[in-house]
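Here's the structure, in structure tokens; my notes come after.
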Amino acid sequence: MPLLTLFIQQVLNGLLDGVYYLLIALGLSLIFSLGGIVNLAHGAFYAIGAYLTIVLAPHIGFGGAIIASPVLVALLGIVIERGLFQRFYRSDPILSLLLTFGLAMVAEQTLRMIFGAPPLSFSIPPELRGQIFVGDFIYSRYRALLLLIAAACVIGLWFLLQRTAFGRVVRAGVQNPDMVGALGISLQPYMMAIAGIGIGLAGLAGVLLAPIYSIHPAMGQEIITPAFVVVVIGGLGSFWGVVVAALMVGLVKGITIGLGFTQWSTAVIYLMMLLVLLFRPRGLFGERIQRFE
């Protein structure tokens with residue numbers, strides 16, 4: 001295989017990593033921006049989505065699991081938001097950090113008790129297997145599908161936040177929740193909806209990545225740190241900042257591997273975050289949020 005083709009494949013694989021960082025980081029950013037919740041349990045919902053795929057796919061097929069698993073994870077997120085998160089919206093973010101850290105540990109141990117500690121695997125459905133050929137370039141059909149689904153999610157979420165009345169209230173609530181309250185608008189149902197959407201996206205990432213990576217109870221802990229890095233690089237309160245940061249992280253990681261520096265592929269992500277914090281403490285596209293000043 002020509003070196004250029006191999007390099008392009010590694011870059012696309014890095015871009016795929018950026019895509020699933022994106023699906024998780026978008027939810028993290030939305031929940032923190034609107035509610036002030038530092039959700040360390042977000043990776044646990046990603047793991048739950050992956051395990052639900054194993055449970056549901058034999059009964060309703062992988063296509064059904066792509067729909068049902070994120071919905072079930074979103075409903076679980078709404079229950080947790082109503083039962084736990086809403087108690088900490090006006091509190092110091094460190095309290096929500098401690099709460100969600102404990103919640104993540106509980107979720108991980110629960111998955112371990114139910115499914116066991118050894119990694120599980122889930123095969124790509126036969127109808128989604130195969131390769132895409134463009135000259136000498138070969139790429140997995142399933143991985144290409146993941147990129148398209150992620151793009152559809154980003155476009156759909158952007159439309160919801162930028163072109164609907166729901167989105168206008170959410171954006172106003174991020175900037176100045178007291179003013180929204182003074183207008184007689186309760187943010188509680190919007191916070192519930194944002195928690196459901198953000199956590200549902202994490203569940204969707206778990207479903208989509210289940211056929212590619214091994215499924216194990218600690219997989220949420222592995223993904224949460226890079227997702228936070230994406231949020232920091234992109235900037236708090238910025239939708240497109242998170243999108244750009246996720247793609248940048250994925251591309252830089254893929255390029256690093258493509259150049260033969262595989263052992264540095266993770267370290268370079270944290271180096272990027274360090275540089276951004278040094279020169280742009282708010283992140284690349286971070287917005288000024290009054291209540292966090």
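Here, A, B, ... name the chains of the structure tokens in the order displayed, residue numbers run from 1 inside each chain, and ligands are numbered from 1 in the same displayed order.
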So that each row is one residue of segment 37-80 of chain A with an atom at most 10 Å from segment 211-235 of chain A, can you give its shortest atom pair and the distance in Å to one decimal, using only C-alpha atoms, rows by chain and rising number, as CSV?
residue,atom,partner,partner_atom,distance
A:Val38,CA,A:Phe228,CA,9.7
A:Asn39,CA,A:Ile224,CA,9.4
A:Leu40,CA,A:Ile224,CA,7.1
A:Ala41,CA,A:Gly220,CA,8.0
A:His42,CA,A:Ile224,CA,6.9
A:Gly43,CA,A:Gly220,CA,3.8
A:Ala44,CA,A:Gly220,CA,4.7
A:Phe45,CA,A:Gly220,CA,7.4
A:Tyr46,CA,A:Gly220,CA,6.0
A:Ala47,CA,A:Gly220,CA,5.3
A:Ile48,CA,A:Pro217,CA,8.6
A:Ala50,CA,A:Ile215,CA,6.7
A:Tyr51,CA,A:Ile215,CA,7.1
A:Thr53,CA,A:Pro211,CA,9.4
A:Ile54,CA,A:Ile215,CA,9.2
Report as a Markdown table: every residue of segment 169-260 of chain A with an atom at most 8 Å from segment 8-31 of chain A, its closest pair of atoms, and their distance in Å to one decimal, counting only C-alpha atoms, with rows sorted by chain and ascending residue number.
| residue | atom | partner | partner_atom | distance |
| --- | --- | --- | --- | --- |
| A:Met191 | CA | A:Ile31 | CA | 7.6 |
| A:Ile194 | CA | A:Ile31 | CA | 6.5 |
| A:Ala195 | CA | A:Ile31 | CA | 6.0 |
| A:Ile197 | CA | A:Gly27 | CA | 7.1 |
| A:Gly198 | CA | A:Gly27 | CA | 3.5 |
| A:Ile199 | CA | A:Gly27 | CA | 6.1 |
| A:Leu201 | CA | A:Leu23 | CA | 5.7 |
| A:Ala202 | CA | A:Ile24 | CA | 4.9 |
| A:Leu204 | CA | A:Leu23 | CA | 7.9 |
| A:Ala205 | CA | A:Tyr20 | CA | 5.9 |
| A:Leu209 | CA | A:Tyr20 | CA | 7.9 |
| A:Ile223 | CA | A:Tyr21 | CA | 7.4 |
| A:Ile224 | CA | A:Ile24 | CA | 7.9 |
| A:Pro226 | CA | A:Tyr21 | CA | 6.8 |
| A:Ala227 | CA | A:Ala25 | CA | 4.9 |
| A:Phe228 | CA | A:Ala25 | CA | 6.6 |
| A:Val230 | CA | A:Ala25 | CA | 6.5 |
| A:Val231 | CA | A:Ala25 | CA | 6.0 |
| A:Leu236 | CA | A:Ser29 | CA | 6.5 |
| A:Gly237 | CA | A:Ser29 | CA | 6.7 |
| A:Phe239 | CA | A:Leu26 | CA | 7.3 |
| A:Val242 | CA | A:Leu26 | CA | 6.5 |
| A:Val243 | CA | A:Leu22 | CA | 6.2 |
| A:Ala246 | CA | A:Gly18 | CA | 4.8 |
| A:Leu247 | CA | A:Gly18 | CA | 5.0 |
| A:Met248 | CA | A:Gly18 | CA | 7.4 |
| A:Val249 | CA | A:Gly18 | CA | 6.0 |
| A:Gly250 | CA | A:Gly18 | CA | 3.9 |
| A:Leu251 | CA | A:Leu15 | CA | 5.1 |
| A:Val252 | CA | A:Gly14 | CA | 7.4 |
| A:Lys253 | CA | A:Gly14 | CA | 5.5 |
| A:Gly254 | CA | A:Gly14 | CA | 3.8 |
| A:Ile255 | CA | A:Val11 | CA | 5.3 |
| A:Ile257 | CA | A:Gln10 | CA | 6.6 |
| A:Gly258 | CA | A:Gln10 | CA | 5.3 |
If you run DSSP over the backbone, which residues in segment 54-202 of chain A end up strand (DSSP E or B)? Put them as a list in words.
Leu120, Gln131, Ile132, Phe133, Val134, Phe137, Ile138, Tyr139 and Ser140 of chain A
Preceding selection exported with all heavy atoms as a short mmCIF file (atom, residue, chain, number, x, y, z; two decimals), in the first residue's frame:
data_model
loop_
_atom_site.label_atom_id
_atom_site.label_comp_id
_atom_site.auth_asym_id
_atom_site.auth_seq_id
_atom_site.Cartn_x
_atom_site.Cartn_y
_atom_site.Cartn_z
N LEU A 120 -16.07 -7.53 26.36
CA LEU A 120 -16.99 -8.19 25.44
C LEU A 120 -16.80 -7.58 24.05
O LEU A 120 -16.26 -6.49 23.90
CB LEU A 120 -18.44 -8.00 25.90
CG LEU A 120 -18.78 -8.49 27.32
CD1 LEU A 120 -20.24 -8.19 27.64
CD2 LEU A 120 -18.50 -9.97 27.47
N GLN A 131 -15.73 -2.65 2.26
CA GLN A 131 -14.80 -1.55 2.08
C GLN A 131 -15.29 -0.60 0.99
O GLN A 131 -16.04 -0.99 0.09
CB GLN A 131 -13.41 -2.08 1.69
CG GLN A 131 -12.87 -3.16 2.60
CD GLN A 131 -12.56 -2.66 4.00
OE1 GLN A 131 -12.20 -1.50 4.17
NE2 GLN A 131 -12.70 -3.52 4.99
N ILE A 132 -14.85 0.64 1.09
CA ILE A 132 -15.08 1.63 0.05
C ILE A 132 -13.76 1.81 -0.71
O ILE A 132 -12.72 2.06 -0.10
CB ILE A 132 -15.53 2.98 0.65
CG1 ILE A 132 -16.88 2.81 1.36
CG2 ILE A 132 -15.63 4.05 -0.43
CD1 ILE A 132 -17.33 4.06 2.10
N PHE A 133 -13.81 1.66 -2.04
CA PHE A 133 -12.61 1.76 -2.86
C PHE A 133 -12.66 3.04 -3.69
O PHE A 133 -13.63 3.27 -4.42
CB PHE A 133 -12.49 0.55 -3.79
CG PHE A 133 -12.34 -0.76 -3.06
CD1 PHE A 133 -13.45 -1.50 -2.68
CD2 PHE A 133 -11.08 -1.26 -2.75
CE1 PHE A 133 -13.31 -2.70 -2.01
CE2 PHE A 133 -10.92 -2.46 -2.09
CZ PHE A 133 -12.04 -3.18 -1.71
N VAL A 134 -11.63 3.86 -3.56
CA VAL A 134 -11.47 5.04 -4.41
C VAL A 134 -10.04 5.01 -4.93
O VAL A 134 -9.10 5.47 -4.28
CB VAL A 134 -11.74 6.34 -3.64
CG1 VAL A 134 -11.58 7.54 -4.56
CG2 VAL A 134 -13.13 6.32 -3.01
N PHE A 137 -7.19 3.96 -2.63
CA PHE A 137 -7.63 4.23 -1.26
C PHE A 137 -8.74 3.27 -0.85
O PHE A 137 -9.71 3.05 -1.59
CB PHE A 137 -8.12 5.67 -1.14
CG PHE A 137 -8.66 6.02 0.21
CD1 PHE A 137 -7.80 6.22 1.28
CD2 PHE A 137 -10.02 6.13 0.42
CE1 PHE A 137 -8.28 6.53 2.54
CE2 PHE A 137 -10.52 6.45 1.67
CZ PHE A 137 -9.64 6.65 2.73
N ILE A 138 -8.59 2.67 0.32
CA ILE A 138 -9.58 1.73 0.86
C ILE A 138 -9.98 2.20 2.25
O ILE A 138 -9.12 2.51 3.07
CB ILE A 138 -9.00 0.29 0.94
CG1 ILE A 138 -8.51 -0.17 -0.43
CG2 ILE A 138 -10.05 -0.67 1.49
CD1 ILE A 138 -7.79 -1.51 -0.38
N TYR A 139 -11.28 2.23 2.50
CA TYR A 139 -11.73 2.64 3.83
C TYR A 139 -12.97 1.83 4.21
O TYR A 139 -13.78 1.45 3.35
CB TYR A 139 -12.05 4.14 3.86
CG TYR A 139 -12.14 4.69 5.26
CD1 TYR A 139 -11.03 4.74 6.08
CD2 TYR A 139 -13.35 5.17 5.77
CE1 TYR A 139 -11.10 5.26 7.36
CE2 TYR A 139 -13.44 5.70 7.04
CZ TYR A 139 -12.31 5.73 7.84
OH TYR A 139 -12.39 6.23 9.12
N SER A 140 -13.11 1.57 5.51
CA SER A 140 -14.21 0.76 6.01
C SER A 140 -15.57 1.44 5.74
O SER A 140 -15.75 2.63 6.04
CB SER A 140 -14.04 0.53 7.52
OG SER A 140 -15.24 0.08 8.10
#
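Nearest to Ser91 of chain A of all the residues A:Gly156, A:Pro177, A:Gly36, A:Gly241 is A:Gly36, based on only C-alpha atoms.
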Out of segment 163-252 of chain A, which residues get helix (DSSP H, G or I) from DSSP, as a PyMOL selection string?
chain A and resi 165-175+177-182+188-209+219-234+239-252
Excluding same-chain residues fewer than 6 positions from Gly35 of chain A, what lies within 9 Å of it counting only C-alpha atoms, as a PyMOL selection string?
chain A and resi 85-86+88-90+173-174+191
Show which residues sit within 12 Å of Val180 of chain A, as a PyMOL selection string. Count only C-alpha atoms, and ignore same-chain residues fewer than 4 positions away.
chain A and resi 34+168-176+184-188+190
Grab the residues selected above and save them as a PDB file, in the first residue's frame with N, CA, C and O atoms.
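And here's out.pdb as it stands now:
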ATOM      1  N   LEU A  34     -25.293  25.190  30.796  1.00  0.00           N
ATOM      2  CA  LEU A  34     -26.637  25.564  31.232  1.00  0.00           C
ATOM      3  C   LEU A  34     -26.842  25.329  32.721  1.00  0.00           C
ATOM      4  O   LEU A  34     -27.443  26.161  33.400  1.00  0.00           O
ATOM      5  N   ARG A 168     -33.321  29.217  21.543  1.00  0.00           N
ATOM      6  CA  ARG A 168     -33.136  30.596  21.984  1.00  0.00           C
ATOM      7  C   ARG A 168     -33.190  30.704  23.503  1.00  0.00           C
ATOM      8  O   ARG A 168     -32.419  31.445  24.116  1.00  0.00           O
ATOM      9  N   VAL A 169     -34.101  29.955  24.113  1.00  0.00           N
ATOM     10  CA  VAL A 169     -34.193  29.977  25.581  1.00  0.00           C
ATOM     11  C   VAL A 169     -32.948  29.347  26.196  1.00  0.00           C
ATOM     12  O   VAL A 169     -32.405  29.850  27.186  1.00  0.00           O
ATOM     13  N   VAL A 170     -32.482  28.258  25.611  1.00  0.00           N
ATOM     14  CA  VAL A 170     -31.283  27.597  26.130  1.00  0.00           C
ATOM     15  C   VAL A 170     -30.086  28.529  26.057  1.00  0.00           C
ATOM     16  O   VAL A 170     -29.321  28.672  27.021  1.00  0.00           O
ATOM     17  N   ARG A 171     -29.900  29.202  24.913  1.00  0.00           N
ATOM     18  CA  ARG A 171     -28.752  30.097  24.768  1.00  0.00           C
ATOM     19  C   ARG A 171     -28.853  31.283  25.720  1.00  0.00           C
ATOM     20  O   ARG A 171     -27.851  31.731  26.288  1.00  0.00           O
ATOM     21  N   ALA A 172     -30.061  31.788  25.920  1.00  0.00           N
ATOM     22  CA  ALA A 172     -30.247  32.868  26.891  1.00  0.00           C
ATOM     23  C   ALA A 172     -29.981  32.374  28.308  1.00  0.00           C
ATOM     24  O   ALA A 172     -29.386  33.088  29.128  1.00  0.00           O
ATOM     25  N   GLY A 173     -30.401  31.147  28.594  1.00  0.00           N
ATOM     26  CA  GLY A 173     -30.174  30.569  29.915  1.00  0.00           C
ATOM     27  C   GLY A 173     -28.712  30.338  30.206  1.00  0.00           C
ATOM     28  O   GLY A 173     -28.270  30.428  31.355  1.00  0.00           O
ATOM     29  N   VAL A 174     -27.940  30.028  29.185  1.00  0.00           N
ATOM     30  CA  VAL A 174     -26.498  29.863  29.365  1.00  0.00           C
ATOM     31  C   VAL A 174     -25.859  31.187  29.748  1.00  0.00           C
ATOM     32  O   VAL A 174     -25.013  31.264  30.644  1.00  0.00           O
ATOM     33  N   GLN A 175     -26.274  32.259  29.084  1.00  0.00           N
ATOM     34  CA  GLN A 175     -25.657  33.564  29.307  1.00  0.00           C
ATOM     35  C   GLN A 175     -26.135  34.222  30.599  1.00  0.00           C
ATOM     36  O   GLN A 175     -25.336  34.745  31.362  1.00  0.00           O
ATOM     37  N   ASN A 176     -27.438  34.211  30.822  1.00  0.00           N
ATOM     38  CA  ASN A 176     -27.978  34.940  31.975  1.00  0.00           C
ATOM     39  C   ASN A 176     -29.274  34.285  32.454  1.00  0.00           C
ATOM     40  O   ASN A 176     -30.367  34.728  32.106  1.00  0.00           O
ATOM     41  N   GLY A 184     -40.162  35.225  33.513  1.00  0.00           N
ATOM     42  CA  GLY A 184     -41.193  34.250  33.818  1.00  0.00           C
ATOM     43  C   GLY A 184     -41.013  32.905  33.144  1.00  0.00           C
ATOM     44  O   GLY A 184     -41.963  32.117  33.071  1.00  0.00           O
ATOM     45  N   ILE A 185     -39.815  32.621  32.643  1.00  0.00           N
ATOM     46  CA  ILE A 185     -39.537  31.357  31.970  1.00  0.00           C
ATOM     47  C   ILE A 185     -38.761  30.459  32.917  1.00  0.00           C
ATOM     48  O   ILE A 185     -37.684  30.835  33.398  1.00  0.00           O
ATOM     49  N   SER A 186     -39.298  29.298  33.212  1.00  0.00           N
ATOM     50  CA  SER A 186     -38.606  28.335  34.064  1.00  0.00           C
ATOM     51  C   SER A 186     -37.610  27.541  33.226  1.00  0.00           C
ATOM     52  O   SER A 186     -37.962  26.985  32.177  1.00  0.00           O
ATOM     53  N   LEU A 187     -36.374  27.493  33.696  1.00  0.00           N
ATOM     54  CA  LEU A 187     -35.343  26.760  32.962  1.00  0.00           C
ATOM     55  C   LEU A 187     -35.330  25.268  33.284  1.00  0.00           C
ATOM     56  O   LEU A 187     -34.622  24.520  32.610  1.00  0.00           O
ATOM     57  N   GLN A 188     -36.090  24.848  34.287  1.00  0.00           N
ATOM     58  CA  GLN A 188     -36.019  23.444  34.697  1.00  0.00           C
ATOM     59  C   GLN A 188     -36.356  22.465  33.573  1.00  0.00           C
ATOM     60  O   GLN A 188     -35.609  21.507  33.356  1.00  0.00           O
ATOM     61  N   TYR A 190     -36.044  22.916  30.446  1.00  0.00           N
ATOM     62  CA  TYR A 190     -34.977  23.020  29.440  1.00  0.00           C
ATOM     63  C   TYR A 190     -33.726  22.296  29.910  1.00  0.00           C
ATOM     64  O   TYR A 190     -33.044  21.649  29.113  1.00  0.00           O
TER      65      TYR A 190
END
Report, in Å to a single decimal, how far apart atom CA of Gly49 of chain A and atom CA of Pro119 of chain A are.
14.9 Å
